[in-house]
$ cat work_0.cif   # mmCIF, C-alpha atoms and all ligand atoms
data_my_file
loop_
_atom_site.group_PDB
_atom_site.id
_atom_site.type_symbol
_atom_site.label_atom_id
_atom_site.label_comp_id
_atom_site.auth_asym_id
_atom_site.auth_seq_id
_atom_site.Cartn_x
_atom_site.Cartn_y
_atom_site.Cartn_z
ATOM 1 C CA MET A 16 -3.636 4.457 0.996
ATOM 2 C CA THR A 17 -1.515 5.395 -1.385
ATOM 3 C CA ALA A 18 0.113 3.065 0.405
ATOM 4 C CA PRO A 19 0.721 3.618 3.842
ATOM 5 C CA GLY A 20 -0.755 6.330 5.703
ATOM 6 C CA ASP A 21 -3.451 4.303 7.241
ATOM 7 C CA ASP A 22 -4.444 1.821 9.789
ATOM 8 C CA ALA A 23 -2.091 -0.560 11.371
ATOM 9 C CA ALA A 24 0.488 1.135 9.239
ATOM 10 C CA SER A 25 0.716 4.176 11.365
ATOM 11 C CA GLU A 26 0.932 2.019 14.467
ATOM 12 C CA ALA A 27 4.237 0.621 13.245
ATOM 13 C CA ASN A 28 5.526 3.355 10.949
ATOM 14 C CA ASP A 29 5.699 7.081 11.504
ATOM 15 C CA TRP A 30 4.805 8.305 8.084
ATOM 16 C CA ASP A 31 7.104 10.920 6.683
ATOM 17 C CA SER A 32 4.954 12.371 3.913
ATOM 18 C CA ALA A 33 7.875 14.308 2.379
ATOM 19 C CA ALA A 34 10.027 11.179 2.036
ATOM 20 C CA TYR A 35 6.995 9.275 0.830
ATOM 21 C CA ASP A 36 6.403 11.788 -1.959
ATOM 22 C CA GLY A 37 10.087 12.278 -2.697
ATOM 23 C CA SER A 38 12.064 9.042 -2.689
ATOM 24 C CA HIS A 39 9.117 6.684 -2.922
ATOM 25 C CA SER A 40 6.930 8.451 -5.467
ATOM 26 C CA PHE A 41 6.753 5.224 -7.489
ATOM 27 C CA VAL A 42 4.005 4.123 -5.077
ATOM 28 C CA TYR A 43 1.481 6.608 -6.434
ATOM 29 C CA GLU A 44 3.002 6.762 -9.925
ATOM 30 C CA TYR A 45 2.282 3.058 -10.402
ATOM 31 C CA GLY A 46 -1.158 3.745 -8.922
ATOM 32 C CA SER A 47 -2.168 5.423 -12.199
ATOM 33 C CA ASP A 48 -2.685 1.946 -13.676
ATOM 34 C CA VAL A 49 -5.123 1.180 -10.874
ATOM 35 C CA VAL A 50 -7.003 4.439 -11.573
ATOM 36 C CA GLU A 51 -7.341 3.213 -15.174
ATOM 37 C CA LEU A 52 -8.805 -0.036 -13.889
ATOM 38 C CA LEU A 53 -11.217 2.003 -11.744
ATOM 39 C CA ASP A 54 -12.272 3.998 -14.848
ATOM 40 C CA PRO A 55 -13.861 6.867 -12.887
ATOM 41 C CA GLN A 56 -16.874 8.506 -14.529
ATOM 42 C CA PRO A 57 -17.904 12.174 -14.254
ATOM 43 C CA ASP A 58 -21.124 11.554 -12.352
ATOM 44 C CA GLU A 59 -19.623 9.181 -9.797
ATOM 45 C CA ARG A 60 -18.754 9.652 -6.125
ATOM 46 C CA ILE A 61 -15.591 7.713 -5.272
ATOM 47 C CA LEU A 62 -13.777 7.054 -1.994
ATOM 48 C CA ASP A 63 -9.968 6.702 -2.086
ATOM 49 C CA LEU A 64 -9.233 4.428 0.880
ATOM 50 C CA GLY A 65 -5.747 5.062 2.256
ATOM 51 C CA CYS A 66 -5.189 8.115 0.095
ATOM 52 C CA GLY A 67 -1.773 9.007 1.534
ATOM 53 C CA THR A 68 -0.707 12.398 0.182
ATOM 54 C CA GLY A 69 -3.749 12.603 -2.095
ATOM 55 C CA HIS A 70 -2.233 12.423 -5.589
ATOM 56 C CA LEU A 71 -4.530 9.665 -6.768
ATOM 57 C CA THR A 72 -7.583 11.252 -5.126
ATOM 58 C CA ASP A 73 -6.809 14.300 -7.248
ATOM 59 C CA ARG A 74 -6.323 12.154 -10.358
ATOM 60 C CA ILE A 75 -9.728 10.535 -9.815
ATOM 61 C CA ALA A 76 -11.315 13.960 -9.324
ATOM 62 C CA ASN A 77 -9.655 15.193 -12.527
ATOM 63 C CA ALA A 78 -11.694 12.579 -14.400
ATOM 64 C CA GLY A 79 -14.756 14.541 -13.262
ATOM 65 C CA ALA A 80 -15.785 12.297 -10.374
ATOM 66 C CA GLU A 81 -16.436 13.606 -6.881
ATOM 67 C CA ALA A 82 -13.514 12.087 -4.956
ATOM 68 C CA VAL A 83 -13.026 11.854 -1.198
ATOM 69 C CA GLY A 84 -9.642 10.781 0.221
ATOM 70 C CA LEU A 85 -9.484 8.902 3.523
ATOM 71 C CA ASP A 86 -6.398 8.081 5.563
ATOM 72 C CA ARG A 87 -5.622 7.398 9.207
ATOM 73 C CA SER A 88 -2.339 9.304 9.233
ATOM 74 C CA ALA A 89 -2.764 12.917 10.359
ATOM 75 C CA GLU A 90 0.457 13.888 8.571
ATOM 76 C CA MET A 91 -0.665 12.383 5.268
ATOM 77 C CA ILE A 92 -4.059 14.111 5.481
ATOM 78 C CA GLU A 93 -2.450 17.447 6.330
ATOM 79 C CA THR A 94 -0.091 17.141 3.344
ATOM 80 C CA ALA A 95 -2.932 16.095 1.039
ATOM 81 C CA ARG A 96 -5.101 19.054 2.108
ATOM 82 C CA ALA A 97 -2.216 21.488 1.576
ATOM 83 C CA ALA A 98 -1.472 20.087 -1.896
ATOM 84 C CA TYR A 99 -5.101 19.860 -3.030
ATOM 85 C CA PRO A 100 -7.173 22.378 -1.028
ATOM 86 C CA GLU A 101 -10.109 22.016 -3.418
ATOM 87 C CA ARG A 102 -10.444 18.297 -2.688
ATOM 88 C CA GLU A 103 -12.076 16.612 0.314
ATOM 89 C CA PHE A 104 -9.943 14.566 2.708
ATOM 90 C CA VAL A 105 -11.107 12.770 5.823
ATOM 91 C CA ARG A 106 -8.989 11.373 8.631
ATOM 92 C CA ALA A 107 -10.407 7.984 9.604
ATOM 93 C CA ASP A 108 -9.514 4.346 10.137
ATOM 94 C CA ALA A 109 -10.213 2.003 7.203
ATOM 95 C CA ARG A 110 -11.398 -0.668 9.646
ATOM 96 C CA ASP A 111 -14.164 1.494 11.028
ATOM 97 C CA PHE A 112 -15.151 4.567 9.045
ATOM 98 C CA ASP A 113 -18.407 6.312 8.420
ATOM 99 C CA VAL A 114 -18.187 9.001 5.751
ATOM 100 C CA ALA A 115 -21.445 10.857 5.089
ATOM 101 C CA GLY A 116 -23.291 9.745 1.944
ATOM 102 C CA SER A 117 -22.740 6.659 -0.181
ATOM 103 C CA PHE A 118 -20.242 5.921 -2.942
ATOM 104 C CA ASP A 119 -20.410 4.424 -6.433
ATOM 105 C CA ALA A 120 -16.910 3.014 -6.004
ATOM 106 C CA VAL A 121 -14.208 2.542 -3.393
ATOM 107 C CA PHE A 122 -10.631 2.650 -4.665
ATOM 108 C CA SER A 123 -7.463 1.664 -2.841
ATOM 109 C CA ASN A 124 -3.819 1.593 -3.926
ATOM 110 C CA ALA A 125 -0.977 0.002 -1.945
ATOM 111 C CA ALA A 126 -2.788 0.278 1.357
ATOM 112 C CA LEU A 127 -4.708 -2.881 2.210
ATOM 113 C CA HIS A 128 -1.529 -4.899 2.835
ATOM 114 C CA TRP A 129 -0.775 -2.699 5.861
ATOM 115 C CA ILE A 130 -3.874 -4.021 7.592
ATOM 116 C CA ASP A 131 -3.576 -7.330 9.471
ATOM 117 C CA ALA A 132 -5.318 -10.382 8.004
ATOM 118 C CA ALA A 133 -7.522 -10.505 11.103
ATOM 119 C CA ASP A 134 -8.798 -6.985 10.359
ATOM 120 C CA GLN A 135 -9.507 -7.439 6.636
ATOM 121 C CA ALA A 136 -13.130 -8.423 7.304
ATOM 122 C CA ALA A 137 -13.723 -5.158 9.168
ATOM 123 C CA VAL A 138 -12.294 -3.181 6.240
ATOM 124 C CA THR A 139 -14.280 -5.047 3.597
ATOM 125 C CA ASP A 140 -17.486 -4.687 5.638
ATOM 126 C CA ALA A 141 -16.876 -0.955 6.059
ATOM 127 C CA VAL A 142 -16.335 -0.695 2.275
ATOM 128 C CA ALA A 143 -19.573 -2.610 1.634
ATOM 129 C CA ASP A 144 -21.453 -0.268 4.010
ATOM 130 C CA ALA A 145 -20.080 2.767 2.169
ATOM 131 C CA LEU A 146 -21.083 1.525 -1.303
ATOM 132 C CA GLU A 147 -24.364 1.864 -3.164
ATOM 133 C CA PRO A 148 -25.887 -1.542 -4.083
ATOM 134 C CA GLY A 149 -23.942 -2.759 -7.144
ATOM 135 C CA GLY A 150 -21.061 -0.409 -6.346
ATOM 136 C CA ARG A 151 -17.500 -1.536 -7.056
ATOM 137 C CA PHE A 152 -14.378 -2.033 -4.985
ATOM 138 C CA VAL A 153 -11.232 -1.615 -7.099
ATOM 139 C CA ALA A 154 -7.854 -2.069 -5.466
ATOM 140 C CA GLU A 155 -4.239 -3.055 -5.681
ATOM 141 C CA LEU A 156 -2.199 -4.462 -2.810
ATOM 142 C CA GLY A 157 0.924 -6.545 -2.418
ATOM 143 C CA GLY A 158 0.195 -10.127 -3.458
ATOM 144 C CA ALA A 159 1.583 -13.480 -2.318
ATOM 145 C CA GLY A 160 5.368 -13.483 -2.629
ATOM 146 C CA ASN A 161 5.634 -9.688 -2.624
ATOM 147 C CA VAL A 162 9.153 -8.541 -1.628
ATOM 148 C CA ASP A 163 9.927 -12.108 -0.512
ATOM 149 C CA THR A 164 13.599 -11.819 -1.492
ATOM 150 C CA ILE A 165 14.041 -8.726 0.690
ATOM 151 C CA VAL A 166 12.073 -10.143 3.623
ATOM 152 C CA ASP A 167 14.015 -13.437 3.460
ATOM 153 C CA ALA A 168 17.359 -11.595 3.499
ATOM 154 C CA ILE A 169 16.301 -9.497 6.494
ATOM 155 C CA GLU A 170 15.082 -12.578 8.336
ATOM 156 C CA THR A 171 18.361 -14.404 7.661
ATOM 157 C CA GLU A 172 20.389 -11.391 8.792
ATOM 158 C CA LEU A 173 18.352 -11.077 12.004
ATOM 159 C CA ASP A 174 18.556 -14.802 12.633
ATOM 160 C CA GLU A 175 22.342 -14.801 12.323
ATOM 161 C CA ARG A 176 22.569 -11.915 14.769
ATOM 162 C CA GLY A 177 20.292 -13.721 17.217
ATOM 163 C CA ASP A 178 17.546 -11.094 16.843
ATOM 164 C CA GLU A 179 13.844 -11.939 16.840
ATOM 165 C CA PRO A 180 12.496 -12.286 13.247
ATOM 166 C CA PRO A 181 9.290 -10.355 12.472
ATOM 167 C CA ALA A 182 5.990 -12.212 12.347
ATOM 168 C CA ASP A 183 4.012 -11.692 9.126
ATOM 169 C CA PRO A 184 4.629 -7.971 8.753
ATOM 170 C CA TRP A 185 2.121 -7.464 5.926
ATOM 171 C CA TYR A 186 -0.999 -9.021 4.410
ATOM 172 C CA PHE A 187 0.029 -10.386 0.988
ATOM 173 C CA PRO A 188 -2.747 -12.816 -0.045
ATOM 174 C CA THR A 189 -3.031 -15.129 -3.041
ATOM 175 C CA VAL A 190 -5.774 -14.422 -5.586
ATOM 176 C CA GLY A 191 -7.731 -17.379 -4.189
ATOM 177 C CA GLU A 192 -7.475 -16.192 -0.594
ATOM 178 C CA HIS A 193 -8.530 -12.655 -1.281
ATOM 179 C CA ALA A 194 -11.273 -13.534 -3.788
ATOM 180 C CA THR A 195 -12.722 -15.997 -1.270
ATOM 181 C CA HIS A 196 -12.556 -13.302 1.396
ATOM 182 C CA LEU A 197 -14.382 -10.769 -0.816
ATOM 183 C CA GLU A 198 -17.074 -13.318 -1.715
ATOM 184 C CA SER A 199 -17.594 -14.156 1.942
ATOM 185 C CA ARG A 200 -18.408 -10.462 2.588
ATOM 186 C CA GLY A 201 -20.992 -10.206 -0.236
ATOM 187 C CA PHE A 202 -18.867 -9.127 -3.213
ATOM 188 C CA GLU A 203 -18.782 -10.706 -6.660
ATOM 189 C CA VAL A 204 -15.213 -10.800 -7.960
ATOM 190 C CA ARG A 205 -15.190 -9.631 -11.570
ATOM 191 C CA TYR A 206 -11.403 -9.497 -12.030
ATOM 192 C CA ALA A 207 -8.425 -10.590 -9.941
ATOM 193 C CA ARG A 208 -4.823 -10.976 -11.001
ATOM 194 C CA LEU A 209 -1.389 -11.479 -9.458
ATOM 195 C CA ILE A 210 1.242 -9.500 -11.354
ATOM 196 C CA ASP A 211 5.039 -9.628 -11.059
ATOM 197 C CA ARG A 212 6.221 -6.030 -11.078
ATOM 198 C CA PRO A 213 9.955 -5.650 -10.416
ATOM 199 C CA THR A 214 10.163 -2.062 -9.147
ATOM 200 C CA GLU A 215 13.152 0.265 -9.460
ATOM 201 C CA LEU A 216 13.833 2.051 -6.183
ATOM 202 C CA ASP A 217 14.901 5.687 -6.199
ATOM 203 C CA GLU A 218 18.146 6.955 -4.640
ATOM 204 C CA GLY A 219 20.586 4.746 -6.600
ATOM 205 C CA GLU A 220 22.969 2.781 -4.357
ATOM 206 C CA ASP A 221 21.024 3.975 -1.284
ATOM 207 C CA GLY A 222 17.685 2.822 -2.662
ATOM 208 C CA LEU A 223 17.328 -0.370 -0.651
ATOM 209 C CA ALA A 224 18.390 1.300 2.611
ATOM 210 C CA ALA A 225 15.903 4.137 1.973
ATOM 211 C CA TRP A 226 13.137 1.618 1.247
ATOM 212 C CA ILE A 227 13.838 -0.354 4.435
ATOM 213 C CA GLU A 228 13.974 2.855 6.471
ATOM 214 C CA MET A 229 10.665 4.079 5.035
ATOM 215 C CA PHE A 230 8.697 0.841 5.060
ATOM 216 C CA GLY A 231 10.579 -1.646 7.187
ATOM 217 C CA ASP A 232 9.752 -0.732 10.783
ATOM 218 C CA ARG A 233 7.798 -3.937 11.059
ATOM 219 C CA LEU A 234 10.827 -5.914 9.894
ATOM 220 C CA LEU A 235 13.444 -4.257 12.078
ATOM 221 C CA GLY A 236 11.299 -3.707 15.145
ATOM 222 C CA SER A 237 13.498 -5.872 17.351
ATOM 223 C CA VAL A 238 16.756 -4.152 16.337
ATOM 224 C CA PRO A 239 18.016 -1.266 18.512
ATOM 225 C CA ALA A 240 18.194 2.006 16.550
ATOM 226 C CA ALA A 241 21.983 2.172 16.924
ATOM 227 C CA GLU A 242 22.386 -1.208 15.203
ATOM 228 C CA ARG A 243 20.005 -0.743 12.296
ATOM 229 C CA ASP A 244 22.569 0.672 9.846
ATOM 230 C CA ALA A 245 24.753 -2.410 10.358
ATOM 231 C CA VAL A 246 21.794 -4.727 9.773
ATOM 232 C CA ILE A 247 20.803 -2.835 6.620
ATOM 233 C CA ALA A 248 24.401 -2.990 5.327
ATOM 234 C CA GLY A 249 24.376 -6.762 5.918
ATOM 235 C CA VAL A 250 21.093 -7.083 4.015
ATOM 236 C CA GLU A 251 22.508 -5.031 1.129
ATOM 237 C CA ASP A 252 25.502 -7.395 0.909
ATOM 238 C CA ARG A 253 23.201 -10.397 0.781
ATOM 239 C CA LEU A 254 21.028 -8.935 -1.992
ATOM 240 C CA ARG A 255 23.429 -6.928 -4.173
ATOM 241 C CA ASP A 256 24.037 -9.693 -6.743
ATOM 242 C CA ASP A 257 20.346 -10.458 -7.157
ATOM 243 C CA LEU A 258 18.592 -7.111 -6.817
ATOM 244 C CA CYS A 259 21.084 -4.383 -7.774
ATOM 245 C CA GLU A 260 21.734 -3.610 -11.433
ATOM 246 C CA ASP A 261 24.161 -0.855 -12.471
ATOM 247 C CA GLY A 262 23.763 0.942 -9.145
ATOM 248 C CA THR A 263 19.947 0.731 -9.070
ATOM 249 C CA TRP A 264 18.048 -1.513 -6.665
ATOM 250 C CA ILE A 265 15.079 -3.399 -8.062
ATOM 251 C CA ALA A 266 12.597 -4.702 -5.505
ATOM 252 C CA ASP A 267 10.695 -7.930 -6.215
ATOM 253 C CA TYR A 268 7.193 -6.460 -6.042
ATOM 254 C CA ARG A 269 4.157 -8.608 -6.854
ATOM 255 C CA ARG A 270 0.766 -6.919 -7.047
ATOM 256 C CA LEU A 271 -2.715 -8.277 -6.528
ATOM 257 C CA ARG A 272 -5.338 -6.290 -8.408
ATOM 258 C CA PHE A 273 -9.051 -6.822 -8.197
ATOM 259 C CA VAL A 274 -12.419 -5.440 -9.213
ATOM 260 C CA ALA A 275 -15.344 -6.639 -7.111
ATOM 261 C CA ALA A 276 -18.993 -5.608 -7.273
ATOM 262 C CA LEU A 277 -21.316 -5.479 -4.278
ATOM 263 C CA GLY A 278 -24.071 -8.057 -4.827
HETATM 264 C C1 LIG A 301 4.099 -2.653 -1.315
HETATM 265 O O1 LIG A 301 3.598 -1.625 -1.781
HETATM 266 O O2 LIG A 301 3.978 -3.739 -1.856
HETATM 267 C C2 LIG A 301 4.865 -2.578 -0.057
HETATM 268 C C3 LIG A 301 5.304 -1.396 0.411
HETATM 269 C C4 LIG A 301 5.993 -1.362 1.580
HETATM 270 C C5 LIG A 301 6.242 -2.496 2.277
HETATM 271 C C6 LIG A 301 5.803 -3.675 1.807
HETATM 272 C C7 LIG A 301 5.116 -3.722 0.633
#

$ encode --input "work_0.cif" --output "C-alpha cells"
Amino acid sequence: MTAPGDDAASEANDWDSAAYDGSHSFVYEYGSDVVELLDPQPDERILDLGCGTGHLTDRIANAGAEAVGLDRSAEMIETARAAYPEREFVRADARDFDVAGSFDAVFSNAALHWIDAADQAAVTDAVADALEPGGRFVAELGGAGNVDTIVDAIETELDERGDEPPADPWYFPTVGEHATHLESRGFEVRYARLIDRPTELDEGEDGLAAWIEMFGDRLLGSVPAAERDAVIAGVEDRLRDDLCEDGTWIADYRRLRFVAALG
C-alpha cells in the first residue's frame, strides 16, 4: 500500500493523501526498486496490494501489464482514481478481499507492516487465493530494526513524561520469521533480504516532525493533541546528533524484500 492506505493503518491513521504524495513521496519513489524486482511482463495481470495513491500501480501498468490497485483507504482510492482514471482501483481490506479473476503476481510496497502480526496469515491466505498456481508474491515492508532509533527515542520521551508507551506499533519481521510464515501458507521463498536503507526525510529541519505527524499516530496515541508538539520537540532534541545532518533528517529505515512463489 504504497504504504499506508490500508488495513489496520486506517484504523490508527487518517490518511492525508496530499501530504503522503507531497512530503513523503520517497515512499513510492523507493518503491520503483520493488517494481524492478517484480519485473512485470506485458501479458500479466498484477494486483498492487495497498496501492495508496496509485503511482506504482500506474508504473506496473506502464510495463504493459494489466494492473489493479487495492487499498482500504477511501481517500487514497479516490486520489488514485483521479490521478489515473484509465487504471482500475478497488477499495478493499487486504485481510479479506475478493477481486474478480486471478492474478499472475501480487505486489506490495510499504504496506504489510501496517497489518498486525496476528492478521498476517489472513493477508497471505487472501494473496494465495488471488494468485494463479505458481504465481508470485513480491513485496517490501519494514524489516526487523526498522526505525528503531526513532521508536526508542519516542518511548523514552513518553516514559519520562509518565505516558503509556505504544505496544508494537508495526509488524517488522526478521527474514527468518517472514520466510517461515510464507512457507507455512504454501509459498516457496525464492528471495528474501534485509536491507539497511537510511532514508532522507523531506521538509528539512521539520522532516522528523512531519514524519511523526504523518505516520506516528500509533506511537503518540496516548498523548493529548495539545501536548504532541512538546513531545515531538523532545524527541527531536534526543535524535538531532544521531539522525540530523546539515539540516536534513535521516530515518533509520530497514527494508525486508521478498519474492515467493505459490507452490
Ligand atoms: C516504513 O515504511 O518502514 C514505515 C513507514 C511509516 C511508519 C513506520 C514504518

$ atom_distance --input "work_0.cif" --atom1 "atom CA of A:Glu215" --atom2 "atom CA of A:Val49"
18.4 Å

$ closest_atom_pairs --input "work_0.cif" --of "chain A" --to "ligand LIG 301 (chain A)" --cutoff "6 Å" --atoms "only C-alpha atoms and all ligand atoms" --output "CSV"
residue,atom,partner,partner_atom,distance
A:Ala125,CA,A:LIG301,O1,4.9
A:Gly157,CA,A:LIG301,O2,4.2
A:Phe230,CA,A:LIG301,C4,4.9
A:Tyr268,CA,A:LIG301,O2,5.9

$ closest_residue --input "work_0.cif" --among "A:Thr72, A:Ser32, A:Ser47, A:Thr164" --to "A:Ile265" --atoms "all atoms listed in the file"
A:Thr164

$ residues_around --input "work_0.cif" --residues "A:Ala133" --least-positions-apart "4" --cutoff "12 Å" --atoms "all atoms listed in the file" --output "NGL selection string"
:A and (23 or 110 or 128-129 or 137-139 or 183 or 185-186 or 196)

$ closest_residue --input "work_0.cif" --among "A:Glu218, A:Asp257, A:Asp232, A:Glu198" --to "A:Pro181" --atoms "all atoms listed in the file"
A:Asp232

$ residues_near_point --input "work_0.cif" --point "(-16.9, -6.5, 3.7)" --cutoff "9 Å" --atoms "only C-alpha atoms" --output "PyMOL selection string"
chain A and resi 135-144+196-202

$ closest_residue --input "work_0.cif" --among "A:Val204, A:Val250, A:Ala95, A:Ala241" --to "A:Arg151" --atoms "all atoms listed in the file"
A:Val204

$ resolve_selection --input "work_0.cif" --expression "the PyMOL selection byres (((chain A and resi 267) around 6) and not hetatm)" --output "list in words"
Val162, Pro213, Ala266 and Tyr268 of chain A

$ closest_residue --input "work_0.cif" --among "A:Glu147, A:Asp217, A:Glu242, A:Asp134" --to "A:Ser117" --atoms "all atoms listed in the file"
A:Glu147

$ closest_residue --input "work_0.cif" --among "A:Val105, A:Ala248, A:Ala207, A:Leu216" --to "A:Glu172" --atoms "all atoms listed in the file"
A:Ala248

$ atom_distance --input "work_0.cif" --atom1 "atom CA of A:Arg87" --atom2 "atom CA of A:Phe118"
19.1 Å

$ closest_residue --input "work_0.cif" --among "A:Pro180, A:Gly231, A:Pro188, A:Gly278" --to "A:Pro148" --atoms "only C-alpha atoms"
A:Gly278
